[in-house]
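Shown next: input_10.cif, containing mmCIF, C-alpha atoms.
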data_run
#
loop_
_atom_site.group_PDB
_atom_site.id
_atom_site.type_symbol
_atom_site.label_atom_id
_atom_site.label_comp_id
_atom_site.auth_asym_id
_atom_site.auth_seq_id
_atom_site.Cartn_x
_atom_site.Cartn_y
_atom_site.Cartn_z
ATOM 1 C CA MET A 122 -132.922 -127.965 -8.871
ATOM 2 C CA ASP A 123 -129.689 -126.755 -10.473
ATOM 3 C CA TYR A 124 -128.999 -123.550 -8.532
ATOM 4 C CA LYS A 125 -126.553 -121.150 -10.201
ATOM 5 C CA ILE A 126 -126.738 -117.982 -8.124
ATOM 6 C CA ILE A 127 -126.878 -117.294 -4.389
ATOM 7 C CA VAL A 128 -127.867 -113.913 -2.961
ATOM 8 C CA LEU A 129 -126.788 -113.076 0.578
ATOM 9 C CA ASP A 130 -127.810 -110.373 2.987
ATOM 10 C CA LEU A 131 -124.820 -109.350 5.121
ATOM 11 C CA ASP A 132 -125.548 -108.422 8.727
ATOM 12 C CA GLY A 133 -127.277 -111.257 10.546
ATOM 13 C CA THR A 134 -126.901 -113.543 7.522
ATOM 14 C CA LEU A 135 -123.468 -113.805 5.885
ATOM 15 C CA THR A 136 -121.599 -112.417 8.897
ATOM 16 C CA ASN A 137 -121.847 -113.578 12.485
ATOM 17 C CA ARG A 138 -122.352 -111.456 15.594
ATOM 18 C CA ASP A 139 -118.732 -110.249 15.309
ATOM 19 C CA LYS A 140 -119.391 -109.070 11.704
ATOM 20 C CA ILE A 141 -117.081 -111.725 10.243
ATOM 21 C CA ILE A 142 -117.635 -114.601 7.800
ATOM 22 C CA THR A 143 -117.092 -117.931 9.553
ATOM 23 C CA PRO A 144 -114.386 -120.185 8.051
ATOM 24 C CA ARG A 145 -116.855 -122.883 7.005
ATOM 25 C CA THR A 146 -119.128 -120.392 5.255
ATOM 26 C CA LYS A 147 -116.192 -118.726 3.507
ATOM 27 C CA GLU A 148 -114.847 -122.071 2.265
ATOM 28 C CA ALA A 149 -118.269 -123.112 0.942
ATOM 29 C CA LEU A 150 -118.708 -119.813 -0.940
ATOM 30 C CA MET A 151 -115.225 -120.004 -2.450
ATOM 31 C CA ASN A 152 -115.913 -123.577 -3.584
ATOM 32 C CA ALA A 153 -119.287 -122.530 -5.054
ATOM 33 C CA GLN A 154 -117.624 -119.764 -7.087
ATOM 34 C CA GLU A 155 -114.838 -122.102 -8.211
ATOM 35 C CA ALA A 156 -117.615 -124.365 -9.519
ATOM 36 C CA GLY A 157 -118.983 -121.506 -11.648
ATOM 37 C CA ASN A 158 -121.759 -120.204 -9.417
ATOM 38 C CA VAL A 159 -122.481 -116.500 -8.925
ATOM 39 C CA VAL A 160 -122.481 -114.895 -5.472
ATOM 40 C CA VAL A 161 -124.361 -111.633 -4.892
ATOM 41 C CA LEU A 162 -123.847 -109.635 -1.687
ATOM 42 C CA ALA A 163 -127.149 -107.814 -1.148
ATOM 43 C CA SER A 164 -127.250 -105.064 1.428
ATOM 44 C CA GLY A 165 -128.710 -101.753 2.439
ATOM 45 C CA ARG A 166 -125.123 -100.551 2.808
ATOM 46 C CA PRO A 167 -123.494 -98.270 0.245
ATOM 47 C CA THR A 168 -121.339 -100.052 -2.348
ATOM 48 C CA ALA A 169 -118.093 -98.977 -0.663
ATOM 49 C CA GLY A 170 -119.378 -100.455 2.609
ATOM 50 C CA VAL A 171 -119.845 -103.889 0.986
ATOM 51 C CA GLU A 172 -116.466 -103.931 -0.772
ATOM 52 C CA PRO A 173 -114.380 -105.276 2.156
ATOM 53 C CA LEU A 174 -116.510 -108.451 2.228
ATOM 54 C CA ALA A 175 -116.475 -108.624 -1.585
ATOM 55 C CA ARG A 176 -112.665 -108.544 -1.485
ATOM 56 C CA GLU A 177 -112.573 -111.243 1.190
ATOM 57 C CA LEU A 178 -114.678 -113.542 -1.024
ATOM 58 C CA GLU A 179 -112.693 -112.539 -4.148
ATOM 59 C CA LEU A 180 -115.847 -111.569 -6.034
ATOM 60 C CA SER A 181 -113.797 -109.613 -8.581
ATOM 61 C CA ARG A 182 -111.865 -112.751 -9.559
ATOM 62 C CA PHE A 183 -115.041 -114.742 -10.150
ATOM 63 C CA GLY A 184 -117.197 -112.020 -11.692
ATOM 64 C CA SER A 185 -119.742 -111.927 -8.893
ATOM 65 C CA TYR A 186 -121.852 -108.890 -7.874
ATOM 66 C CA ILE A 187 -122.664 -106.327 -5.184
ATOM 67 C CA LEU A 188 -126.272 -105.236 -4.740
ATOM 68 C CA SER A 189 -126.118 -102.117 -2.553
ATOM 69 C CA TYR A 190 -128.556 -99.525 -1.164
ATOM 70 C CA ASN A 191 -131.232 -102.266 -0.779
ATOM 71 C CA GLY A 192 -131.327 -102.702 -4.558
ATOM 72 C CA GLY A 193 -130.625 -99.125 -5.595
ATOM 73 C CA MET A 194 -127.423 -100.201 -7.346
ATOM 74 C CA ILE A 195 -125.866 -103.410 -8.727
ATOM 75 C CA THR A 196 -122.140 -103.490 -9.491
ATOM 76 C CA ASN A 197 -120.156 -106.084 -11.448
ATOM 77 C CA CYS A 198 -117.128 -106.715 -9.218
ATOM 78 C CA LYS A 199 -114.949 -107.922 -12.093
ATOM 79 C CA THR A 200 -115.427 -104.936 -14.417
ATOM 80 C CA GLY A 201 -116.524 -102.301 -11.889
ATOM 81 C CA GLU A 202 -119.448 -101.402 -14.147
ATOM 82 C CA THR A 203 -122.835 -100.434 -12.756
ATOM 83 C CA VAL A 204 -125.370 -102.945 -14.057
ATOM 84 C CA PHE A 205 -128.319 -101.030 -12.607
ATOM 85 C CA SER A 206 -128.820 -97.898 -10.560
ATOM 86 C CA SER A 207 -131.732 -95.835 -9.295
ATOM 87 C CA LEU A 208 -130.947 -92.490 -7.693
ATOM 88 C CA LEU A 209 -133.108 -89.879 -6.005
ATOM 89 C CA PRO A 210 -133.973 -86.933 -8.279
ATOM 90 C CA ARG A 211 -131.598 -84.074 -7.477
ATOM 91 C CA GLU A 212 -134.488 -81.650 -6.987
ATOM 92 C CA SER A 213 -135.752 -83.753 -4.032
ATOM 93 C CA ASN A 214 -132.553 -83.256 -2.007
ATOM 94 C CA GLN A 215 -133.465 -79.853 -0.581
ATOM 95 C CA LYS A 216 -136.925 -81.026 0.433
ATOM 96 C CA ILE A 217 -135.568 -84.095 2.249
ATOM 97 C CA ILE A 218 -132.851 -82.106 4.038
ATOM 98 C CA GLY A 219 -135.460 -79.450 4.905
ATOM 99 C CA LEU A 220 -137.689 -82.112 6.498
ATOM 100 C CA ALA A 221 -134.757 -83.262 8.630
ATOM 101 C CA GLU A 222 -134.259 -79.660 9.774
ATOM 102 C CA GLU A 223 -137.981 -79.211 10.405
ATOM 103 C CA HIS A 224 -138.161 -82.309 12.617
ATOM 104 C CA ARG A 225 -134.769 -81.571 14.220
ATOM 105 C CA VAL A 226 -133.159 -84.879 13.277
ATOM 106 C CA ASP A 227 -129.674 -85.473 11.910
ATOM 107 C CA ILE A 228 -129.248 -86.634 8.315
ATOM 108 C CA LEU A 229 -126.603 -88.349 6.204
ATOM 109 C CA THR A 230 -125.961 -89.490 2.663
ATOM 110 C CA TYR A 231 -122.993 -90.788 0.651
ATOM 111 C CA GLU A 232 -120.368 -89.278 -1.624
ATOM 112 C CA GLY A 233 -117.721 -91.552 -3.093
ATOM 113 C CA GLU A 234 -115.952 -93.365 -0.256
ATOM 114 C CA GLU A 235 -117.316 -91.037 2.435
ATOM 115 C CA ILE A 236 -120.468 -90.547 4.475
ATOM 116 C CA ILE A 237 -121.481 -86.890 4.581
ATOM 117 C CA THR A 238 -123.616 -85.679 7.458
ATOM 118 C CA SER A 239 -124.965 -82.638 9.230
ATOM 119 C CA ASN A 240 -123.466 -83.821 12.550
ATOM 120 C CA VAL A 241 -120.363 -86.020 12.866
ATOM 121 C CA GLU A 242 -120.986 -86.403 16.604
ATOM 122 C CA CYS A 243 -124.409 -88.048 16.127
ATOM 123 C CA PRO A 244 -124.106 -91.572 17.622
ATOM 124 C CA TYR A 245 -126.267 -93.038 14.834
ATOM 125 C CA ALA A 246 -124.067 -91.491 12.131
ATOM 126 C CA ILE A 247 -121.057 -92.956 13.938
ATOM 127 C CA ALA A 248 -122.815 -96.351 13.940
ATOM 128 C CA GLU A 249 -123.350 -96.129 10.158
ATOM 129 C CA SER A 250 -119.680 -95.177 9.731
ATOM 130 C CA ASN A 251 -118.552 -98.157 11.817
ATOM 131 C CA ILE A 252 -120.849 -100.630 10.021
ATOM 132 C CA ASN A 253 -119.516 -99.565 6.619
ATOM 133 C CA HIS A 254 -115.903 -98.766 7.576
ATOM 134 C CA LEU A 255 -116.331 -95.411 5.829
ATOM 135 C CA PRO A 256 -115.215 -92.035 7.215
ATOM 136 C CA LEU A 257 -117.719 -89.394 8.296
ATOM 137 C CA ARG A 258 -117.416 -85.845 6.984
ATOM 138 C CA GLN A 259 -119.404 -82.947 8.394
ATOM 139 C CA VAL A 260 -121.030 -80.573 5.916
ATOM 140 C CA GLU A 261 -122.077 -77.231 7.376
ATOM 141 C CA ASP A 262 -124.817 -76.543 4.823
ATOM 142 C CA MET A 263 -126.208 -79.841 3.519
ATOM 143 C CA LYS A 264 -128.879 -78.077 1.426
ATOM 144 C CA PHE A 265 -126.235 -76.109 -0.458
ATOM 145 C CA TYR A 266 -123.668 -78.908 -0.683
ATOM 146 C CA VAL A 267 -125.725 -81.893 -1.845
ATOM 147 C CA ASP A 268 -126.494 -80.681 -5.378
ATOM 148 C CA PHE A 269 -125.828 -84.094 -6.969
ATOM 149 C CA LYS A 270 -127.902 -87.267 -7.232
ATOM 150 C CA VAL A 271 -127.624 -89.725 -4.328
ATOM 151 C CA PRO A 272 -129.053 -93.227 -3.822
ATOM 152 C CA LYS A 273 -130.651 -92.464 -0.458
ATOM 153 C CA PHE A 274 -130.734 -90.326 2.668
ATOM 154 C CA LEU A 275 -130.863 -91.549 6.259
ATOM 155 C CA MET A 276 -132.578 -89.484 8.942
ATOM 156 C CA LEU A 277 -131.130 -90.276 12.357
ATOM 157 C CA ASP A 278 -132.549 -90.102 15.865
ATOM 158 C CA ASP A 279 -133.734 -92.155 18.795
ATOM 159 C CA GLY A 280 -136.250 -94.802 17.699
ATOM 160 C CA ASP A 281 -139.019 -93.568 19.991
ATOM 161 C CA TYR A 282 -138.856 -90.156 18.319
ATOM 162 C CA LEU A 283 -138.306 -91.393 14.734
ATOM 163 C CA VAL A 284 -141.484 -93.475 14.937
ATOM 164 C CA THR A 285 -143.400 -90.192 15.224
ATOM 165 C CA VAL A 286 -141.382 -88.556 12.411
ATOM 166 C CA GLU A 287 -141.793 -91.416 9.927
ATOM 167 C CA PRO A 288 -145.488 -90.872 9.004
ATOM 168 C CA LYS A 289 -144.943 -87.122 8.646
ATOM 169 C CA VAL A 290 -142.009 -87.621 6.254
ATOM 170 C CA LYS A 291 -143.986 -90.255 4.313
ATOM 171 C CA ALA A 292 -146.890 -87.839 3.906
ATOM 172 C CA ALA A 293 -144.617 -84.962 2.903
ATOM 173 C CA MET A 294 -142.650 -86.979 0.317
ATOM 174 C CA GLY A 295 -145.673 -88.576 -1.350
ATOM 175 C CA ARG A 296 -146.067 -91.640 -3.515
ATOM 176 C CA ASP A 297 -142.832 -91.407 -5.581
ATOM 177 C CA PHE A 298 -140.578 -92.135 -2.606
ATOM 178 C CA SER A 299 -139.983 -95.064 -0.301
ATOM 179 C CA VAL A 300 -139.736 -94.049 3.364
ATOM 180 C CA TYR A 301 -139.112 -96.732 5.979
ATOM 181 C CA ARG A 302 -137.052 -97.520 9.075
ATOM 182 C CA SER A 303 -134.299 -100.073 8.455
ATOM 183 C CA GLU A 304 -133.314 -99.809 12.145
ATOM 184 C CA PRO A 305 -135.224 -98.082 14.942
ATOM 185 C CA TYR A 306 -132.776 -95.140 14.627
ATOM 186 C CA PHE A 307 -132.495 -95.068 10.787
ATOM 187 C CA LEU A 308 -135.262 -93.581 8.634
ATOM 188 C CA GLU A 309 -134.383 -94.262 4.977
ATOM 189 C CA ILE A 310 -135.621 -92.189 2.049
ATOM 190 C CA MET A 311 -135.158 -93.851 -1.346
ATOM 191 C CA PRO A 312 -136.742 -93.805 -4.803
ATOM 192 C CA LYS A 313 -140.076 -95.665 -4.929
ATOM 193 C CA GLY A 314 -140.085 -99.236 -6.148
ATOM 194 C CA ILE A 315 -136.546 -100.103 -5.123
ATOM 195 C CA ASP A 316 -136.173 -103.390 -3.347
ATOM 196 C CA LYS A 317 -133.832 -106.343 -3.550
ATOM 197 C CA ALA A 318 -136.199 -108.523 -5.620
ATOM 198 C CA ARG A 319 -136.814 -105.976 -8.386
ATOM 199 C CA SER A 320 -133.114 -105.332 -8.811
ATOM 200 C CA LEU A 321 -132.324 -109.048 -8.794
ATOM 201 C CA ALA A 322 -134.859 -109.542 -11.610
ATOM 202 C CA ARG A 323 -132.801 -107.099 -13.697
ATOM 203 C CA LEU A 324 -129.585 -108.928 -12.833
ATOM 204 C CA LEU A 325 -131.063 -112.281 -13.838
ATOM 205 C CA GLU A 326 -131.938 -110.809 -17.242
ATOM 206 C CA VAL A 327 -128.312 -109.726 -17.683
ATOM 207 C CA LEU A 328 -127.051 -113.186 -16.662
ATOM 208 C CA GLY A 329 -129.607 -115.118 -18.702
ATOM 209 C CA LEU A 330 -130.810 -116.991 -15.615
ATOM 210 C CA ASP A 331 -134.297 -117.423 -14.167
ATOM 211 C CA ARG A 332 -135.424 -117.056 -10.596
ATOM 212 C CA GLU A 333 -135.833 -120.807 -10.104
ATOM 213 C CA GLN A 334 -132.018 -120.985 -10.311
ATOM 214 C CA MET A 335 -131.599 -118.475 -7.477
ATOM 215 C CA ILE A 336 -131.144 -119.016 -3.749
ATOM 216 C CA ALA A 337 -131.679 -115.978 -1.490
ATOM 217 C CA CYS A 338 -130.706 -115.959 2.209
ATOM 218 C CA GLY A 339 -131.707 -113.294 4.710
ATOM 219 C CA ASP A 340 -132.870 -112.430 8.203
ATOM 220 C CA GLY A 341 -134.521 -108.986 8.104
ATOM 221 C CA TYR A 342 -137.599 -107.226 6.762
ATOM 222 C CA ASN A 343 -135.693 -105.793 3.788
ATOM 223 C CA ASP A 344 -134.897 -109.388 2.715
ATOM 224 C CA LEU A 345 -138.554 -110.400 2.491
ATOM 225 C CA THR A 346 -139.070 -109.522 -1.188
ATOM 226 C CA MET A 347 -136.029 -111.466 -2.399
ATOM 227 C CA ILE A 348 -136.827 -114.485 -0.229
ATOM 228 C CA LYS A 349 -140.322 -114.629 -1.743
ATOM 229 C CA TYR A 350 -138.921 -114.052 -5.252
ATOM 230 C CA ALA A 351 -136.087 -116.601 -5.313
ATOM 231 C CA GLY A 352 -136.485 -120.202 -6.398
ATOM 232 C CA LEU A 353 -135.265 -121.148 -2.928
ATOM 233 C CA GLY A 354 -135.926 -118.553 -0.248
ATOM 234 C CA VAL A 355 -133.872 -119.243 2.882
ATOM 235 C CA ALA A 356 -134.395 -117.717 6.311
ATOM 236 C CA MET A 357 -131.702 -117.753 8.954
ATOM 237 C CA GLU A 358 -132.703 -119.313 12.265
ATOM 238 C CA ASN A 359 -132.257 -115.808 13.748
ATOM 239 C CA ALA A 360 -134.550 -114.177 11.134
ATOM 240 C CA VAL A 361 -137.604 -112.097 12.042
ATOM 241 C CA LEU A 362 -140.838 -114.094 12.081
ATOM 242 C CA PRO A 363 -142.301 -112.848 8.734
ATOM 243 C CA VAL A 364 -139.083 -113.896 6.964
ATOM 244 C CA ARG A 365 -139.151 -117.357 8.558
ATOM 245 C CA GLN A 366 -142.810 -117.719 7.572
ATOM 246 C CA ALA A 367 -142.138 -116.697 3.950
ATOM 247 C CA ALA A 368 -139.085 -118.929 3.483
ATOM 248 C CA ASP A 369 -138.953 -122.282 1.700
ATOM 249 C CA TYR A 370 -136.177 -123.441 4.010
ATOM 250 C CA ILE A 371 -134.777 -122.397 7.407
ATOM 251 C CA THR A 372 -131.060 -122.844 8.010
ATOM 252 C CA ALA A 373 -128.901 -122.482 11.116
ATOM 253 C CA SER A 374 -128.205 -119.040 12.559
ATOM 254 C CA ASN A 375 -125.574 -116.607 11.294
ATOM 255 C CA ASN A 376 -123.409 -117.636 14.262
ATOM 256 C CA HIS A 377 -123.564 -121.332 13.301
ATOM 257 C CA ASP A 378 -122.528 -121.400 9.608
ATOM 258 C CA GLY A 379 -126.103 -121.034 8.342
ATOM 259 C CA VAL A 380 -125.071 -119.778 4.893
ATOM 260 C CA GLY A 381 -122.281 -122.342 4.578
ATOM 261 C CA LEU A 382 -124.707 -125.171 5.305
ATOM 262 C CA VAL A 383 -127.077 -123.927 2.585
ATOM 263 C CA VAL A 384 -124.275 -123.740 0.013
ATOM 264 C CA GLU A 385 -123.055 -127.237 0.909
ATOM 265 C CA LYS A 386 -126.555 -128.728 0.769
ATOM 266 C CA PHE A 387 -127.949 -127.031 -2.342
ATOM 267 C CA MET A 388 -124.940 -126.046 -4.470
ATOM 268 C CA LEU A 389 -122.082 -128.390 -3.672
ATOM 269 C CA SER A 390 -123.707 -131.735 -2.885
#

Turn the structure described in the file into structure tokens.
Amino acid sequence: MDYKIIVLDLDGTLTNRDKIITPRTKEALMNAQEAGNVVVLASGRPTAGVEPLARELELSRFGSYILSYNGGMITNCKTGETVFSSLLPRESNQKIIGLAEEHRVDILTYEGEEIITSNVECPYAIAESNINHLPLRQVEDMKFYVDFKVPKFLMLDDGDYLVTVEPKVKAAMGRDFSVYRSEPYFLEIMPKGIDKARSLARLLEVLGLDREQMIACGDGYNDLTMIKYAGLGVAMENAVLPVRQAADYITASNNHDGVGLVVEKFMLS
């Protein structure tokens, strides 16, 4: 098959345990782009949190893409234009923030190049800040302040407690919202129907490509839809079991050049 586009989850996939791209993987991806292939970095992170890796791989030079917020937004790195975006309705903000207050959990969302939160000392907010290399800013009255559309909210607390909060928030928000835990301590609230596969389908339309020409690599539950959707769905050796079971191919782990090996085998050979 003549693959033209490769979609990569970041943590546990593109980057190793130290959150860096291994030299072999980086070289393979640069060579793939030089040969005219498209690279898409697909993450639950905000766009600004993906940009350091996009710069490292020179996506803007090659006209590759960032898929952020688990598919809530796709950005053309060359032009900076938003190809697709799905934001929460502004009128839902107060309800979501109110639920966080009701269940006594911390909450955060994103504004520009910052993470805004009800509590800058929350260890889980600090973790999100560190993952994305974005500063945290405390907002005293989140309900009053967040009067603009955002891609998602994260409720934050210990996993043992959040597991009890999750069904209550799901029930309160209803069928138009997607509520799920991306980590034990992160409860995400997003618009319904947003996932990596649906957004990639829109990108393929823009590029004039079909899904048989796409490779998708991932390791986590939020990668499952794109791995099933792509012409070649690739699981990392370190992937969760459902992802390994759904994949067409299993590569080496993120610590052993797994993505680089896929690019060499299927795009450069």

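The coordinates place atom CA of A:Tyr350 at 10.0 Å from atom CA of A:Ala368.
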
Starting from the shown file, work through the PyMOL selection byres ((chain A and resi 375) around 7) and note down what comes out as a list in words. Gly133, Thr134, Leu135, Thr136, Asn137, Met357, Ala373, Ser374, Asn376, His377, Asp378 and Gly379 of chain A

Selection near A:Ala169, 9 Å with all atoms listed in the file, sequence-local residues under 3 positions removed, as a list in words: Arg166, Glu172, Pro173, Ser189, Gly233, Glu234, Glu235, Asn253, His254 and Leu255 of chain A

If we count all atoms listed in the file, what is near A:Tyr301 at a cut-off of 8 Å, once residues fewer than 2 positions away on the same chain are taken out, given as a PDB file with C-alpha atoms, keeping the file's coordinate frame?
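Now in result_9.pdb:
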ATOM      1  CA  GLU A 287    -141.793 -91.416   9.927  1.00  0.00           C
ATOM      2  CA  SER A 299    -139.983 -95.064  -0.301  1.00  0.00           C
ATOM      3  CA  SER A 303    -134.299-100.073   8.455  1.00  0.00           C
ATOM      4  CA  LEU A 308    -135.262 -93.581   8.634  1.00  0.00           C
ATOM      5  CA  GLU A 309    -134.383 -94.262   4.977  1.00  0.00           C
ATOM      6  CA  ILE A 310    -135.621 -92.189   2.049  1.00  0.00           C
TER       7      ILE A 310
END

Dump as a ChimeraX atom specification all residues having an atom at most 12 Å from (-135.0, -101.1, 10.3), computed in the file's coordinates with all atoms listed in the file. /A:165,191,275-277,280,283-284,287,300-309,340-344,361

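Straight-line separation from atom CA of A:Ser239 to atom CA of A:Gly192: 25.2 Å.
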
Picked residues, the PyMOL selection byres ((chain A and resi 126) around 7), expected as a VMD selection string: chain A and resid 124 to 125 127 to 128 158 to 160 334 to 336

Saved selection, atoms kept: C-alpha atoms, as a PDB file, in the frame of the given file:
ATOM      1  CA  TYR A 124    -128.999-123.550  -8.532  1.00  0.00           C
ATOM      2  CA  LYS A 125    -126.553-121.150 -10.201  1.00  0.00           C
ATOM      3  CA  ILE A 127    -126.878-117.294  -4.389  1.00  0.00           C
ATOM      4  CA  VAL A 128    -127.867-113.913  -2.961  1.00  0.00           C
ATOM      5  CA  ASN A 158    -121.759-120.204  -9.417  1.00  0.00           C
ATOM      6  CA  VAL A 159    -122.481-116.500  -8.925  1.00  0.00           C
ATOM      7  CA  VAL A 160    -122.481-114.895  -5.472  1.00  0.00           C
ATOM      8  CA  GLN A 334    -132.018-120.985 -10.311  1.00  0.00           C
ATOM      9  CA  MET A 335    -131.599-118.475  -7.477  1.00  0.00           C
ATOM     10  CA  ILE A 336    -131.144-119.016  -3.749  1.00  0.00           C
TER      11      ILE A 336
END

Within 12 Å of stretch 146-156 of chain A: each stretch 180-293 of chain A residue with its shortest pair, only C-alpha atoms, as a Markdown table:
| residue | atom | partner | partner_atom | distance |
| --- | --- | --- | --- | --- |
| A:Leu180 | CA | A:Gln154 | CA | 8.5 |
| A:Ser181 | CA | A:Gln154 | CA | 11.0 |
| A:Arg182 | CA | A:Gln154 | CA | 9.4 |
| A:Phe183 | CA | A:Gln154 | CA | 6.4 |
| A:Gly184 | CA | A:Gln154 | CA | 9.0 |
| A:Ser185 | CA | A:Gln154 | CA | 8.3 |
| A:Tyr186 | CA | A:Gln154 | CA | 11.7 |

So how many Å separate atom CA of A:Glu177 and atom CA of A:Ile141, to one decimal? 10.1 Å

Run the PyMOL selection byres ((chain A and resi 337) around 10) mentally over the shown coordinates, then write out the matched residues as an mmCIF file with C-alpha atoms, keeping the file's coordinate frame, using the chain letters and numbers from the document.
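File produced: part-v3.cif:
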data_model
loop_
_atom_site.group_PDB
_atom_site.id
_atom_site.type_symbol
_atom_site.label_atom_id
_atom_site.label_comp_id
_atom_site.auth_asym_id
_atom_site.auth_seq_id
_atom_site.Cartn_x
_atom_site.Cartn_y
_atom_site.Cartn_z
ATOM 1 C CA ILE A 126 -126.738 -117.982 -8.124
ATOM 2 C CA ILE A 127 -126.878 -117.294 -4.389
ATOM 3 C CA VAL A 128 -127.867 -113.913 -2.961
ATOM 4 C CA LEU A 129 -126.788 -113.076 0.578
ATOM 5 C CA ASP A 130 -127.810 -110.373 2.987
ATOM 6 C CA VAL A 161 -124.361 -111.633 -4.892
ATOM 7 C CA ALA A 163 -127.149 -107.814 -1.148
ATOM 8 C CA ALA A 318 -136.199 -108.523 -5.620
ATOM 9 C CA ARG A 332 -135.424 -117.056 -10.596
ATOM 10 C CA MET A 335 -131.599 -118.475 -7.477
ATOM 11 C CA ILE A 336 -131.144 -119.016 -3.749
ATOM 12 C CA CYS A 338 -130.706 -115.959 2.209
ATOM 13 C CA GLY A 339 -131.707 -113.294 4.710
ATOM 14 C CA ASP A 344 -134.897 -109.388 2.715
ATOM 15 C CA LEU A 345 -138.554 -110.400 2.491
ATOM 16 C CA THR A 346 -139.070 -109.522 -1.188
ATOM 17 C CA MET A 347 -136.029 -111.466 -2.399
ATOM 18 C CA ILE A 348 -136.827 -114.485 -0.229
ATOM 19 C CA LYS A 349 -140.322 -114.629 -1.743
ATOM 20 C CA TYR A 350 -138.921 -114.052 -5.252
ATOM 21 C CA ALA A 351 -136.087 -116.601 -5.313
ATOM 22 C CA GLY A 352 -136.485 -120.202 -6.398
ATOM 23 C CA LEU A 353 -135.265 -121.148 -2.928
ATOM 24 C CA GLY A 354 -135.926 -118.553 -0.248
ATOM 25 C CA VAL A 355 -133.872 -119.243 2.882
ATOM 26 C CA ALA A 356 -134.395 -117.717 6.311
ATOM 27 C CA ALA A 368 -139.085 -118.929 3.483
ATOM 28 C CA VAL A 380 -125.071 -119.778 4.893
#

Starting from the structure just given, write a file holding stretch 229-234 of chain A with all heavy atoms, as a compact mmCIF listing (two decimals), in the first residue's frame.
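What follows is the written file result_24.txt:
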# COMPACT_ATOMS: atom_id res chain seq x y z
N LEU A 229 -9.72 22.79 35.44
CA LEU A 229 -8.91 23.67 34.60
C LEU A 229 -9.45 23.67 33.17
O LEU A 229 -10.19 22.79 32.76
CB LEU A 229 -7.43 23.25 34.62
CG LEU A 229 -7.00 21.89 34.04
CD1 LEU A 229 -6.93 21.88 32.52
CD2 LEU A 229 -5.62 21.52 34.58
N THR A 230 -9.05 24.72 32.44
CA THR A 230 -9.28 24.78 31.01
C THR A 230 -8.15 25.62 30.41
O THR A 230 -7.14 25.87 31.09
CB THR A 230 -10.69 25.31 30.66
OG1 THR A 230 -10.89 25.15 29.24
CG2 THR A 230 -10.87 26.77 31.03
N TYR A 231 -8.30 26.04 29.17
CA TYR A 231 -7.17 26.66 28.44
C TYR A 231 -7.59 28.01 27.87
O TYR A 231 -8.70 28.18 27.40
CB TYR A 231 -6.71 25.74 27.31
CG TYR A 231 -6.49 24.32 27.78
CD1 TYR A 231 -7.55 23.40 27.78
CD2 TYR A 231 -5.27 23.90 28.27
CE1 TYR A 231 -7.37 22.11 28.25
CE2 TYR A 231 -5.08 22.61 28.75
CZ TYR A 231 -6.13 21.72 28.74
OH TYR A 231 -5.96 20.44 29.21
N GLU A 232 -6.64 28.95 27.92
CA GLU A 232 -6.84 30.25 27.29
C GLU A 232 -5.53 30.67 26.64
O GLU A 232 -4.53 30.93 27.35
CB GLU A 232 -7.29 31.30 28.31
CG GLU A 232 -7.59 32.65 27.66
CD GLU A 232 -8.00 33.72 28.67
OE1 GLU A 232 -7.73 33.55 29.87
OE2 GLU A 232 -8.57 34.73 28.25
N GLY A 233 -5.50 30.71 25.33
CA GLY A 233 -4.27 31.07 24.63
C GLY A 233 -3.14 30.13 24.97
O GLY A 233 -3.26 28.91 24.82
N GLU A 234 -2.05 30.68 25.47
CA GLU A 234 -0.86 29.87 25.81
C GLU A 234 -0.82 29.56 27.31
O GLU A 234 0.26 29.24 27.83
CB GLU A 234 0.40 30.65 25.42
CG GLU A 234 0.43 31.12 23.98
CD GLU A 234 1.11 30.13 23.05
OE1 GLU A 234 2.23 29.74 23.35
OE2 GLU A 234 0.49 29.75 22.04
